[in-house]
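To start, the structure itself, in structure tokens.
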Amino acid sequence: SNKQVVDIDYVKFGPDNSPHSCRLHPYLLKEYNRRWFLIAAAFSDSKLLTFALDRIKKVTPQPALGYIPYAGDIHERFEDIIGVTLFENEPMSHIVFWADDIEKDYIITKPLHGSQKHYKDAKDKEFRAAYPSLVGGAFFSIDCIRNYELIRELCVYGDGLIVLTPQKIREEVASRVKAMNERYNSIRNK
């Protein structure tokens with residue numbers, strides 16, 4: 001709110017828990033999945049970065065340095081994603097998926113994204129002809145930019161949601177499911 005450059009000490013997830021220092025132009029506080037994030041531009045190159053607030057250990061205002069405001073509406077940057085991670089060069093994807101009878105009503109009443117469409121009538125028949133092994137349930141689509149949160153959200157429904165297209169996202173979800181299966185299979189029951 002003060003439109004000031006700040007220095008932060010930030011601890012990343014992972015084995016190295018020593019703070020990393022960053023000088024930033026802060027733009028927005030955004031909540032996602034019950035966690036708050038700071039969206040800011042790096043002072044050095046104006047690259048947009050995202051920091052979980054609970055990982056910021058220290059904030060030092062730098063009022064003597066010139067603050068550069070975001071050019072445009074920062075909220076628009078989040079319209080095409082799920083969550084807070086936006087990869088600059090990632091294209092928009094039209095993601096078509098099927099949800100089984102257990103998950104479909106939940107997905108209808110709590111859409112994955114604002115662009116979500118639920119296919120009915122002729123389009124539903126077209127999908128059923130193309131995917132005859134998917135019995136019952138419903139077909140949906142969303143238009144999003146691929147990021148970590150999107151893939152995680154698609155995996156949340158387990159075998160109750162199947163990504164049909166695009167192939168790249170389908171394979172990424174399948175790879176996570178396969179890795180999870182391998183981890184479960186690696187544990188021996190005692």
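In the structure tokens, each chain is lettered A, B, ... as it comes, each chain's residues begin at 1, and ligands are numbered from 1 in order of appearance.
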
Who sits within 12 Å of Gly158 of chain A, only C-alpha atoms, same chain under 5 positions skipped, as a tab-separated table (two decimals) with N, CA and C atoms, in the first residue's frame:
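Okay, this is what ended up in out_11.tsv:
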```
chain	number	residue	atom	x	y	z
A	98	TRP	N	-12.95	-35.73	-18.35
A	98	TRP	CA	-14.15	-36.47	-17.97
A	98	TRP	C	-14.11	-36.66	-16.47
A	99	ALA	N	-15.27	-36.55	-15.83
A	99	ALA	CA	-15.39	-36.83	-14.40
A	99	ALA	C	-16.45	-37.90	-14.21
A	100	ASP	N	-16.18	-38.84	-13.31
A	100	ASP	CA	-17.13	-39.93	-13.09
A	100	ASP	C	-18.36	-39.43	-12.33
A	102	ILE	N	-19.37	-39.88	-9.35
A	102	ILE	CA	-19.13	-39.42	-7.98
A	102	ILE	C	-18.59	-37.98	-8.00
A	103	GLU	N	-17.68	-37.67	-8.88
A	103	GLU	CA	-17.00	-36.37	-8.89
A	103	GLU	C	-17.70	-35.29	-9.71
A	151	ILE	N	-1.97	-28.86	-12.52
A	151	ILE	CA	-1.72	-30.30	-12.54
A	151	ILE	C	-2.13	-30.93	-11.20
A	152	ARG	N	-1.80	-30.26	-10.12
A	152	ARG	CA	-2.19	-30.78	-8.80
A	152	ARG	C	-3.70	-30.86	-8.67
A	153	GLU	N	-4.41	-29.82	-9.13
A	153	GLU	CA	-5.87	-29.81	-9.05
A	153	GLU	C	-6.48	-30.95	-9.88
A	163	VAL	N	-8.00	-36.68	-17.74
A	163	VAL	CA	-7.70	-35.66	-18.74
A	163	VAL	C	-7.66	-36.34	-20.10
A	173	VAL	N	-0.20	-35.54	-15.92
A	173	VAL	CA	-1.06	-36.09	-14.87
A	173	VAL	C	-0.80	-37.59	-14.73
A	174	ALA	N	-0.74	-38.30	-15.84
A	174	ALA	CA	-0.49	-39.75	-15.81
A	174	ALA	C	0.86	-40.06	-15.17
A	176	ARG	N	2.37	-38.34	-12.83
A	176	ARG	CA	2.23	-38.19	-11.37
A	176	ARG	C	1.49	-39.36	-10.75
A	177	VAL	N	0.45	-39.82	-11.44
A	177	VAL	CA	-0.31	-40.97	-10.95
A	177	VAL	C	0.58	-42.20	-10.91
A	178	LYS	N	1.38	-42.39	-11.96
A	178	LYS	CA	2.30	-43.53	-12.03
A	178	LYS	C	3.32	-43.47	-10.89
A	180	MET	N	3.01	-41.96	-8.04
A	180	MET	CA	2.32	-42.22	-6.78
A	180	MET	C	2.09	-43.73	-6.61
A	181	ASN	N	1.67	-44.39	-7.67
A	181	ASN	CA	1.45	-45.83	-7.63
A	181	ASN	C	2.75	-46.57	-7.28
```

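Taking only segment 125-176 of chain A, the residues that DSSP calls strand (DSSP E) from the backbone come to A:Ala138, A:Phe139, A:Phe140, A:Ser141, A:Ile142, A:Asp143, A:Cys144, A:Ile145, A:Leu161, A:Ile162, A:Val163, A:Leu164, A:Thr165.
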
Expected file: the selected residues, N, CA, C and O atoms, as a short mmCIF file (atom, residue, chain, number, x, y, z; two decimals), in the first residue's frame:
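Written file, part.cif:
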```
data_model
loop_
_atom_site.label_atom_id
_atom_site.label_comp_id
_atom_site.auth_asym_id
_atom_site.auth_seq_id
_atom_site.Cartn_x
_atom_site.Cartn_y
_atom_site.Cartn_z
N ALA A 138 -19.52 -37.08 -16.74
CA ALA A 138 -19.76 -35.90 -17.58
C ALA A 138 -18.44 -35.42 -18.16
O ALA A 138 -17.37 -35.67 -17.60
N PHE A 139 -18.55 -34.70 -19.27
CA PHE A 139 -17.38 -34.13 -19.95
C PHE A 139 -17.34 -32.62 -19.71
O PHE A 139 -18.37 -31.95 -19.74
N PHE A 140 -16.12 -32.12 -19.50
CA PHE A 140 -15.90 -30.71 -19.18
C PHE A 140 -14.69 -30.20 -19.95
O PHE A 140 -13.89 -30.99 -20.45
N SER A 141 -14.55 -28.88 -19.95
CA SER A 141 -13.30 -28.29 -20.42
C SER A 141 -13.01 -27.03 -19.62
O SER A 141 -13.92 -26.42 -19.04
N ILE A 142 -11.73 -26.69 -19.57
CA ILE A 142 -11.27 -25.42 -19.02
C ILE A 142 -10.19 -24.88 -19.95
O ILE A 142 -9.53 -25.66 -20.64
N ASP A 143 -10.02 -23.57 -19.95
CA ASP A 143 -8.97 -22.93 -20.72
C ASP A 143 -8.02 -22.27 -19.73
O ASP A 143 -8.39 -21.26 -19.11
N CYS A 144 -6.83 -22.86 -19.57
CA CYS A 144 -5.87 -22.41 -18.57
C CYS A 144 -4.45 -22.49 -19.11
O CYS A 144 -4.18 -23.26 -20.03
N ILE A 145 -3.59 -21.76 -18.45
CA ILE A 145 -2.16 -21.90 -18.69
C ILE A 145 -1.64 -22.94 -17.71
O ILE A 145 -1.94 -22.90 -16.51
N LEU A 161 -11.32 -38.43 -12.29
CA LEU A 161 -11.16 -37.42 -13.34
C LEU A 161 -10.07 -37.89 -14.28
O LEU A 161 -8.98 -38.26 -13.85
N ILE A 162 -10.39 -37.88 -15.57
CA ILE A 162 -9.44 -38.30 -16.60
C ILE A 162 -9.24 -37.15 -17.58
O ILE A 162 -10.21 -36.67 -18.18
N VAL A 163 -8.00 -36.68 -17.74
CA VAL A 163 -7.70 -35.66 -18.74
C VAL A 163 -7.66 -36.34 -20.10
O VAL A 163 -6.97 -37.34 -20.29
N LEU A 164 -8.39 -35.77 -21.04
CA LEU A 164 -8.45 -36.35 -22.39
C LEU A 164 -7.50 -35.63 -23.34
O LEU A 164 -6.80 -36.27 -24.11
N THR A 165 -7.50 -34.32 -23.32
CA THR A 165 -6.60 -33.52 -24.14
C THR A 165 -6.27 -32.24 -23.39
O THR A 165 -7.05 -31.82 -22.53
#
```

So how many Å separate atom CA of Tyr67 of chain A and atom CA of His20 of chain A, to one decimal? 21.2 Å

Provide the atom CA of Ser93 of chain A to atom CA of Ser133 of chain A distance in Å, to one decimal place.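 Atom-to-atom, atom CA of Ser93 of chain A to atom CA of Ser133 of chain A, that is 24.3 Å.
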
Write out as a ChimeraX atom specification the residues lying within 10 Å of Lys3 of chain A, counting only C-alpha atoms and excluding same-chain residues fewer than 2 positions away. /A:1,5-6,25-27,61,63,66-69

Hey, could you make a per-residue contact list for segment 80-174 of chain A against segment 37-59 of chain A with 9 Å as the cut-off, showing the nearest pair of atoms and its distance in Å to one decimal, counting only C-alpha atoms, sorted by chain and number, as JSON lines?
```
{"residue": "A:Val84", "atom": "CA", "partner": "A:Thr50", "partner_atom": "CA", "distance": 7.2}
{"residue": "A:Thr85", "atom": "CA", "partner": "A:Thr50", "partner_atom": "CA", "distance": 7.0}
{"residue": "A:Leu86", "atom": "CA", "partner": "A:Leu48", "partner_atom": "CA", "distance": 8.7}
{"residue": "A:Glu88", "atom": "CA", "partner": "A:Leu48", "partner_atom": "CA", "distance": 8.8}
```

Can you write out the residues you just picked, keeping all heavy atoms, as a PDB file, in the first residue's frame?
```pdb
ATOM      1  N   VAL A  84      -1.346 -19.427  -8.216  1.00  0.00           N
ATOM      2  CA  VAL A  84      -0.560 -18.197  -8.241  1.00  0.00           C
ATOM      3  C   VAL A  84       0.677 -18.270  -9.132  1.00  0.00           C
ATOM      4  O   VAL A  84       1.348 -17.266  -9.317  1.00  0.00           O
ATOM      5  CB  VAL A  84      -0.124 -17.786  -6.811  1.00  0.00           C
ATOM      6  CG1 VAL A  84      -1.331 -17.430  -5.968  1.00  0.00           C
ATOM      7  CG2 VAL A  84       0.697 -18.873  -6.142  1.00  0.00           C
ATOM      8  N   THR A  85       0.995 -19.423  -9.677  1.00  0.00           N
ATOM      9  CA  THR A  85       2.206 -19.574 -10.476  1.00  0.00           C
ATOM     10  C   THR A  85       1.897 -19.332 -11.946  1.00  0.00           C
ATOM     11  O   THR A  85       1.089 -20.041 -12.542  1.00  0.00           O
ATOM     12  CB  THR A  85       2.798 -20.990 -10.304  1.00  0.00           C
ATOM     13  OG1 THR A  85       2.950 -21.267  -8.915  1.00  0.00           O
ATOM     14  CG2 THR A  85       4.130 -21.107 -11.005  1.00  0.00           C
ATOM     15  N   LEU A  86       2.551 -18.318 -12.512  1.00  0.00           N
ATOM     16  CA  LEU A  86       2.351 -18.007 -13.922  1.00  0.00           C
ATOM     17  C   LEU A  86       3.683 -18.091 -14.646  1.00  0.00           C
ATOM     18  O   LEU A  86       4.599 -17.338 -14.362  1.00  0.00           O
ATOM     19  CB  LEU A  86       1.754 -16.607 -14.098  1.00  0.00           C
ATOM     20  CG  LEU A  86       1.548 -16.155 -15.540  1.00  0.00           C
ATOM     21  CD1 LEU A  86       0.585 -17.078 -16.275  1.00  0.00           C
ATOM     22  CD2 LEU A  86       1.042 -14.726 -15.571  1.00  0.00           C
ATOM     23  N   GLU A  88       5.754 -17.332 -17.766  1.00  0.00           N
ATOM     24  CA  GLU A  88       5.650 -16.279 -18.774  1.00  0.00           C
ATOM     25  C   GLU A  88       5.439 -16.801 -20.194  1.00  0.00           C
ATOM     26  O   GLU A  88       4.673 -16.237 -20.948  1.00  0.00           O
ATOM     27  CB  GLU A  88       6.908 -15.403 -18.744  1.00  0.00           C
ATOM     28  CG  GLU A  88       7.036 -14.582 -17.491  1.00  0.00           C
ATOM     29  CD  GLU A  88       5.987 -13.488 -17.360  1.00  0.00           C
ATOM     30  OE1 GLU A  88       5.525 -12.962 -18.389  1.00  0.00           O
ATOM     31  OE2 GLU A  88       5.632 -13.169 -16.219  1.00  0.00           O
TER      32      GLU A  88
END
```

Can you check which residues of segment 5-181 of chain A DSSP gives as alpha helix (DSSP H) on the backbone and send them as a PyMOL selection string? chain A and resi 101-109+121-130+148-156+167-181

Residue among A:Asp105, A:Glu126, A:Glu182, A:Asp9 lying closest to Gly160 of chain A, counting only C-alpha atoms: A:Asp105

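Distance check against Gly136 of chain A using only C-alpha atoms: of A:Tyr106, A:Asn2, A:Asp101, A:Ile74, the minimum falls on A:Asp101.
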